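The structure under discussion appears below in the form of structure tokens.
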Protein chains: 2
Amino acid sequence: MSPDKEKTRVVLADDHRVVQTGLRSYLESFPDLEIVGAAASGEEALAKLEGWLPDVVVMDLRMPGGMDGVEATRKVRALSPHTQVVVLTAHTDEARVVAALRAGAIGYVRKDSEPEILVAAVRGAARGQSVLDPAVAGSVLQELVRGGPLAEELSEREKEVLAQLVHGRTNREIAQALHVGEETVKTHVGNILSKLQLNHRTQAVIYALKQGLVSLDDVEI
Amino acid sequence: MSPDKEKTRVVLADDHRVVQTGLRSYLESFPDLEIVGAAASGEEALAKLEGWLPDVVVMDLRMPGGMDGVEATRKVRALSPHTQVVVLTAHTDEARVVAALRAGAIGYVRKDSEPEILVAAVRGAARGQSVLDPAVAGSVLQELVRGGPLAEELSEREKEVLAQLVHGRTNREIAQALHVGEETVKTHVGNILSKLQLNHRTQAVIYALKQGLVSLDDVEI
DNA sequence: CCGGGCCTCCCCCGTTCGGGGGAGCGAAAA
DNA sequence: TTTTCGCTCCCCCGAACGGGGGAGGCCCGG
């Protein structure tokens with residue numbers, strides 16, 4: 001067995017400490033992998049990146065704090081182009097996988113896939129090879145080529161209004177929250193529905209939650 | 001007690017195979033724990049329960065299929081009273097923790113807690129001791145005593161209507177889907193809002209998603 | 001310079017919602 | 001038995017919503 005120099009340096013980024021530790025145990029059982037660090041948020045991963053010098057970051061897309069996995073992926077790739085990112089996600093938020101791949105992720109594994117796929121993705125990423133979970137690689141690639149679902153055509157203000165919708169607010173309440181007139185909110189809501197090709201606000205809420213534009217965790221009713 | 005030398009027989013129930021395998025690696029590193037089985041759904045866990053004879057089931061509340069973690073907990077306890085259930089959950093669906101504890105779970109650990117807490121909960125459960133994650137034990141107990149949030153006062157029909165709401169349907173569409181009149185749907189929706197003390201359907205959708213009454217995974221818009 | 005997107009607000013109008021009432025029916029509990 | 005509860009449907013009515021139009025101000029890029 002060769003010493004450390006052939007080991008792949010891996011960092012885990014997942015806010016679930018229990019899951020994180022489990023993955024560490026599992027991945028460390030492979031002699032060619034070395035877990036050099038773990039982070040519970042995008043910010044933490046970036047802050048410690050230069051100290052860890054990982055070859056691969058296994059990134060959960062759903063993390064707390066201002067920075068989500070997509071943004072963290074983008075910044076990891078900008079800060080350390082040598083470091084490859086493998087996205088690890090629940091099948092719930094596949095919508096953001098495309099965004100993560102666009103942001104520079106090289107691999108993608110679903111949490112409900114066989115764990116061997118994760119190992120293969122990490123090993124592939126270390127070699128610069130892209131390993132996409134076969135369970136959904138087709139649909140993901142399809143979305144990549146046709147430019148995404150219906151995504152970020154929304155303006156900043158419209159995203160703010162959409163976030164308000166997810167909080168279950170009425171037009172009047174949104175108007176107060178954003179300090180604009182109720183008519184303005186009506187316009188924004190109408191434009192959101194039009195851009196997303198939806199019929200009413202409730203569908204917009206579901207869309208936002210499915211896309212991960214707003215996390216259910218942040219919502220209080 | 002005499003069976004000190006015997007290992008605690010543990011079963012993992014989590015639809016995320018990657019997470020499941022990670023947990024297996026981690027827990028198996030403790031010599032007093034033995035992972036005797038793993039399931040990806042409530043149905044699978046129940047079907048194999050009598051073959052595994054576990055002392056403790058570590059149960060994720062969010063699982064696919066008709067049976068969720070709460071129902072699976074209830075049935076595990078009914079089928080094998082010796083077996084204790086430790087609930088493992090994301091902090092997103094704390095609302096269902098109370099339901100799981102009522103259904104017979106003895107322990108409760110959040111995924112973003114320190115992994116040692118999970119080990120402590122499993123060991124405690126094997127001795128019949130309740131270990132609740134200190135991060136939220138207070139609020140959970142509070143809800144337990146005051147009888148739960150606003151929960152399952154909904155009738156079966158009302159839950160069906162609520163599920164339809166989560167799909168973004170209008171009253172008319174729901175009426176067609178359930179083969180009743182639109183006025184009937186209006187009545188149900190009104191009763192749902194009244195029982196849950198909400199103001200409009202969008203809030204009902206958010207409520208249902210937060211409570212896990214309907215999974216976002218099942219929704220297509 | 002001028003077009004275009006964005007944000008803001010206004011109008012009108014038809015539809016949908018939500019809340020109030022009532023009522024018949026069947027099943028289950030008291 | 002009577003009572004209660006869930007499911008079904010009906011009425012009325014005010015409020016909220018969604019779609020259509022327009023308009024002024026802003027800044028950016030061709």
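Within each chain, counting starts at residue 1; across the structure tokens, chains are named A, B, ... in the order shown, with ligands numbered 1 upward in that order.
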Checklist outcome for this item: If chain B is superposed onto chain A by least squares over all C-alpha atoms in order, the resulting RMSD is 1.7 Å
What residues in chain D have any atom no more than 10 Å from chain A when counting only C-alpha atoms (C1' of nucleotides), and can you write them as a JSON list (two decimals) with all heavy atoms, in the first residue's frame?
```
[["chain", "number", "residue", "atom", "x", "y", "z"],
["D", 16, "DA", "P", -59.50, 42.35, 1.45],
["D", 16, "DA", "OP1", -58.65, 42.34, 2.66],
["D", 16, "DA", "OP2", -59.69, 43.60, 0.68],
["D", 16, "DA", "O5'", -58.94, 41.25, 0.44],
["D", 16, "DA", "C5'", -59.01, 39.88, 0.80],
["D", 16, "DA", "C4'", -58.71, 39.04, -0.42],
["D", 16, "DA", "O4'", -59.82, 39.13, -1.34],
["D", 16, "DA", "C3'", -57.46, 39.48, -1.19],
["D", 16, "DA", "O3'", -56.56, 38.38, -1.27],
["D", 16, "DA", "C2'", -57.99, 39.90, -2.57],
["D", 16, "DA", "C1'", -59.32, 39.18, -2.66],
["D", 16, "DA", "N9", -60.33, 39.89, -3.46],
["D", 16, "DA", "C8", -60.82, 41.13, -3.25],
["D", 16, "DA", "N7", -61.74, 41.51, -4.12],
["D", 16, "DA", "C5", -61.85, 40.40, -4.96],
["D", 16, "DA", "C6", -62.65, 40.15, -6.09],
["D", 16, "DA", "N6", -63.53, 41.03, -6.58],
["D", 16, "DA", "N1", -62.52, 38.95, -6.70],
["D", 16, "DA", "C2", -61.63, 38.07, -6.20],
["D", 16, "DA", "N3", -60.83, 38.20, -5.15],
["D", 16, "DA", "C4", -60.99, 39.40, -4.56],
["D", 17, "DC", "P", -55.16, 38.57, -2.01],
["D", 17, "DC", "OP1", -54.23, 37.60, -1.39],
["D", 17, "DC", "OP2", -54.82, 39.99, -2.09],
["D", 17, "DC", "O5'", -55.49, 38.03, -3.47],
["D", 17, "DC", "C5'", -56.17, 36.79, -3.59],
["D", 17, "DC", "C4'", -56.52, 36.52, -5.03],
["D", 17, "DC", "O4'", -57.60, 37.39, -5.44],
["D", 17, "DC", "C3'", -55.38, 36.76, -6.04],
["D", 17, "DC", "O3'", -55.16, 35.58, -6.76],
["D", 17, "DC", "C2'", -55.91, 37.89, -6.93],
["D", 17, "DC", "C1'", -57.41, 37.73, -6.79],
["D", 17, "DC", "N1", -58.19, 38.97, -7.06],
["D", 17, "DC", "C2", -59.09, 39.01, -8.13],
["D", 17, "DC", "O2", -59.21, 38.02, -8.85],
["D", 17, "DC", "N3", -59.81, 40.14, -8.35],
["D", 17, "DC", "C4", -59.67, 41.19, -7.54],
["D", 17, "DC", "N4", -60.41, 42.27, -7.78],
["D", 17, "DC", "C5", -58.76, 41.17, -6.44],
["D", 17, "DC", "C6", -58.04, 40.06, -6.24],
["D", 18, "DG", "P", -53.85, 35.41, -7.65],
["D", 18, "DG", "OP1", -53.48, 33.99, -7.59],
["D", 18, "DG", "OP2", -52.88, 36.46, -7.26],
["D", 18, "DG", "O5'", -54.36, 35.75, -9.12],
["D", 18, "DG", "C5'", -55.36, 34.93, -9.68],
["D", 18, "DG", "C4'", -55.64, 35.34, -11.11],
["D", 18, "DG", "O4'", -56.51, 36.51, -11.11],
["D", 18, "DG", "C3'", -54.41, 35.73, -11.93],
["D", 18, "DG", "O3'", -54.52, 35.11, -13.21],
["D", 18, "DG", "C2'", -54.47, 37.24, -11.99],
["D", 18, "DG", "C1'", -55.96, 37.54, -11.89],
["D", 18, "DG", "N9", -56.32, 38.80, -11.23],
["D", 18, "DG", "C8", -55.74, 39.34, -10.12],
["D", 18, "DG", "N7", -56.27, 40.48, -9.76],
["D", 18, "DG", "C5", -57.27, 40.70, -10.69],
["D", 18, "DG", "C6", -58.18, 41.78, -10.82],
["D", 18, "DG", "O6", -58.30, 42.78, -10.10],
["D", 18, "DG", "N1", -59.03, 41.61, -11.91],
["D", 18, "DG", "C2", -58.98, 40.54, -12.78],
["D", 18, "DG", "N2", -59.87, 40.54, -13.77],
["D", 18, "DG", "N3", -58.14, 39.53, -12.67],
["D", 18, "DG", "C4", -57.31, 39.67, -11.61],
["D", 19, "DG", "P", -53.60, 35.56, -14.44],
["D", 19, "DG", "OP1", -53.50, 34.38, -15.32],
["D", 19, "DG", "OP2", -52.38, 36.19, -13.91],
["D", 19, "DG", "O5'", -54.46, 36.66, -15.20],
["D", 19, "DG", "C5'", -55.65, 36.27, -15.88],
["D", 19, "DG", "C4'", -56.06, 37.36, -16.85],
["D", 19, "DG", "O4'", -56.55, 38.49, -16.08],
["D", 19, "DG", "C3'", -54.91, 37.89, -17.71],
["D", 19, "DG", "O3'", -55.39, 38.09, -19.04],
["D", 19, "DG", "C2'", -54.54, 39.20, -17.05],
["D", 19, "DG", "C1'", -55.88, 39.66, -16.49],
["D", 19, "DG", "N9", -55.77, 40.55, -15.35],
["D", 19, "DG", "C8", -54.89, 40.44, -14.30],
["D", 19, "DG", "N7", -55.04, 41.38, -13.40],
["D", 19, "DG", "C5", -56.07, 42.15, -13.88],
["D", 19, "DG", "C6", -56.67, 43.32, -13.34],
["D", 19, "DG", "O6", -56.40, 43.91, -12.28],
["D", 19, "DG", "N1", -57.69, 43.79, -14.15],
["D", 19, "DG", "C2", -58.08, 43.23, -15.34],
["D", 19, "DG", "N2", -59.08, 43.81, -15.99],
["D", 19, "DG", "N3", -57.52, 42.14, -15.86],
["D", 19, "DG", "C4", -56.54, 41.65, -15.08]]
```
Checklist outcome for this item: Computed gap from CA of Val11 in chain B to CA of Leu49 in chain B is 8.7 Å
Kindly determine which residues of chain B lie within 6 Å of chain A, considering only C-alpha atoms, and give the answer as a JSON list (two decimals) with N, CA and C atoms, in the first residue's frame.
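The result, stored in part-v9.json:
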```json
[["chain", "number", "residue", "atom", "x", "y", "z"],
["B", 15, "ASP", "N", -34.62, 6.16, 3.67],
["B", 15, "ASP", "CA", -34.70, 5.92, 2.23],
["B", 15, "ASP", "C", -33.44, 6.38, 1.52],
["B", 16, "HIS", "N", -32.63, 7.18, 2.18],
["B", 16, "HIS", "CA", -31.39, 7.64, 1.55],
["B", 16, "HIS", "C", -30.30, 6.60, 1.79],
["B", 17, "ARG", "N", -30.04, 5.81, 0.77],
["B", 17, "ARG", "CA", -29.10, 4.71, 0.90],
["B", 17, "ARG", "C", -27.70, 5.21, 1.27],
["B", 18, "VAL", "N", -27.34, 6.35, 0.73],
["B", 18, "VAL", "CA", -26.02, 6.90, 1.04],
["B", 18, "VAL", "C", -25.92, 7.21, 2.52],
["B", 19, "VAL", "N", -26.93, 7.88, 3.02],
["B", 19, "VAL", "CA", -26.95, 8.23, 4.45],
["B", 19, "VAL", "C", -27.00, 6.97, 5.29],
["B", 22, "GLY", "N", -23.68, 5.36, 5.46],
["B", 22, "GLY", "CA", -22.80, 6.15, 6.30],
["B", 22, "GLY", "C", -23.07, 5.89, 7.77],
["B", 23, "LEU", "N", -24.34, 5.90, 8.13],
["B", 23, "LEU", "CA", -24.70, 5.64, 9.53],
["B", 23, "LEU", "C", -24.26, 4.25, 9.96],
["B", 25, "SER", "N", -21.71, 2.55, 8.85],
["B", 25, "SER", "CA", -20.26, 2.60, 9.11],
["B", 25, "SER", "C", -19.98, 3.22, 10.46],
["B", 26, "TYR", "N", -20.64, 4.32, 10.72],
["B", 26, "TYR", "CA", -20.36, 5.05, 11.96],
["B", 26, "TYR", "C", -20.78, 4.23, 13.19],
["B", 92, "THR", "N", -36.38, 20.41, 9.87],
["B", 92, "THR", "CA", -37.50, 20.93, 9.12],
["B", 92, "THR", "C", -38.83, 20.36, 9.63],
["B", 111, "LYS", "N", -30.87, 15.54, 12.86],
["B", 111, "LYS", "CA", -29.74, 15.19, 11.99],
["B", 111, "LYS", "C", -28.59, 16.17, 12.12],
["B", 112, "ASP", "N", -28.88, 17.41, 12.50],
["B", 112, "ASP", "CA", -27.79, 18.38, 12.58],
["B", 112, "ASP", "C", -27.19, 18.44, 13.99],
["B", 113, "SER", "N", -27.50, 17.47, 14.81],
["B", 113, "SER", "CA", -26.88, 17.41, 16.14],
["B", 113, "SER", "C", -25.55, 16.68, 16.08],
["B", 114, "GLU", "N", -24.84, 16.71, 17.19],
["B", 114, "GLU", "CA", -23.60, 15.94, 17.26],
["B", 114, "GLU", "C", -23.92, 14.46, 17.19],
["B", 115, "PRO", "N", -23.15, 13.70, 16.41],
["B", 115, "PRO", "CA", -23.45, 12.28, 16.23],
["B", 115, "PRO", "C", -23.41, 11.49, 17.54],
["B", 168, "GLY", "N", -52.01, 22.63, -5.82],
["B", 168, "GLY", "CA", -52.27, 23.89, -6.50],
["B", 168, "GLY", "C", -53.59, 23.93, -7.25],
["B", 202, "THR", "N", -53.41, 29.29, 0.63],
["B", 202, "THR", "CA", -51.96, 29.26, 0.50],
["B", 202, "THR", "C", -51.31, 28.93, 1.84],
["B", 203, "GLN", "N", -51.84, 29.50, 2.91],
["B", 203, "GLN", "CA", -51.32, 29.16, 4.23],
["B", 203, "GLN", "C", -51.56, 27.70, 4.54],
["B", 217, "ASP", "N", -42.44, 16.03, -2.69],
["B", 217, "ASP", "CA", -42.00, 15.15, -3.76],
["B", 217, "ASP", "C", -43.16, 14.68, -4.63]]
```
Which residues of chain C come within 9 Å of chain B, and for each one, what is the closest pair of atoms and their distance in Å to one decimal, counting only C-alpha atoms (C1' of nucleotides), sorted by chain and residue number, as a Markdown table?
```
| residue | atom | partner | partner_atom | distance |
| --- | --- | --- | --- | --- |
| C:DT16 | C1' | B:Thr170 | CA | 8.5 |
| C:DC17 | C1' | B:His200 | CA | 8.1 |
| C:DG18 | C1' | B:Gly190 | CA | 7.0 |
| C:DG19 | C1' | B:Gly190 | CA | 8.0 |
```
May I have the residues from that selection written out with N, CA and C atoms (P, O5', C5', C4', C3', O3' and C1' of nucleotides), as a PDB file, in the first residue's frame?
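Saved result, selection-v2.pdb, follows:
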```
ATOM      1  P    DT C  16     -63.822  31.017 -12.011  1.00  0.00           P
ATOM      2  O5'  DT C  16     -63.100  31.146 -10.588  1.00  0.00           O
ATOM      3  C5'  DT C  16     -61.782  31.653 -10.546  1.00  0.00           C
ATOM      4  C4'  DT C  16     -61.398  31.969  -9.114  1.00  0.00           C
ATOM      5  C3'  DT C  16     -61.817  30.900  -8.093  1.00  0.00           C
ATOM      6  O3'  DT C  16     -60.669  30.499  -7.374  1.00  0.00           O
ATOM      7  C1'  DT C  16     -62.422  33.067  -7.348  1.00  0.00           C
ATOM      8  P    DC C  17     -60.684  29.254  -6.373  1.00  0.00           P
ATOM      9  O5'  DC C  17     -60.486  29.953  -4.968  1.00  0.00           O
ATOM     10  C5'  DC C  17     -61.006  31.248  -4.809  1.00  0.00           C
ATOM     11  C4'  DC C  17     -60.477  31.912  -3.573  1.00  0.00           C
ATOM     12  C3'  DC C  17     -60.659  31.094  -2.302  1.00  0.00           C
ATOM     13  O3'  DC C  17     -59.712  31.514  -1.329  1.00  0.00           O
ATOM     14  C1'  DC C  17     -62.235  32.888  -2.366  1.00  0.00           C
ATOM     15  P    DG C  18     -59.589  30.649   0.044  1.00  0.00           P
ATOM     16  O5'  DG C  18     -60.569  31.385   1.063  1.00  0.00           O
ATOM     17  C5'  DG C  18     -60.310  32.726   1.425  1.00  0.00           C
ATOM     18  C4'  DG C  18     -61.352  33.247   2.396  1.00  0.00           C
ATOM     19  C3'  DG C  18     -61.767  32.276   3.504  1.00  0.00           C
ATOM     20  O3'  DG C  18     -61.766  32.984   4.730  1.00  0.00           O
ATOM     21  C1'  DG C  18     -63.686  32.998   2.298  1.00  0.00           C
ATOM     22  P    DG C  19     -62.330  32.343   6.050  1.00  0.00           P
ATOM     23  O5'  DG C  19     -63.810  32.923   6.145  1.00  0.00           O
ATOM     24  C5'  DG C  19     -64.006  34.321   6.387  1.00  0.00           C
ATOM     25  C4'  DG C  19     -65.462  34.576   6.718  1.00  0.00           C
ATOM     26  C3'  DG C  19     -66.043  33.622   7.767  1.00  0.00           C
ATOM     27  O3'  DG C  19     -66.842  34.362   8.682  1.00  0.00           O
ATOM     28  C1'  DG C  19     -67.335  33.537   5.801  1.00  0.00           C
TER      29       DG C  19
END
```
Checklist entry - If you measure from CA of Met67 in chain B to CA of Ala39 in chain B, what distance in Å do you get, rounded to one decimal? => result 12.8 Å
Next on the checklist: Among chain A, which residues does DSSP mark as strand (DSSP E) when it is run on the backbone? Keep the chain and numbering as in the structure and answer as a list in words.
Outcome noted: Thr8, Arg9, Val10, Val11, Leu12, Ala13, Leu33, Glu34, Ile35, Val36, Gly37, Ala38, Ala39, Val56, Val57, Val58, Met59, Asp60, Gln84, Val85, Val86, Val87, Leu88, Thr89, Gly107, Tyr108, Val109 and Arg110 of chain A
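For the atom pair formed by CA of Glu158 in chain A and C1' of DC6 in chain C, the distance is 10.1 Å, given to one decimal.
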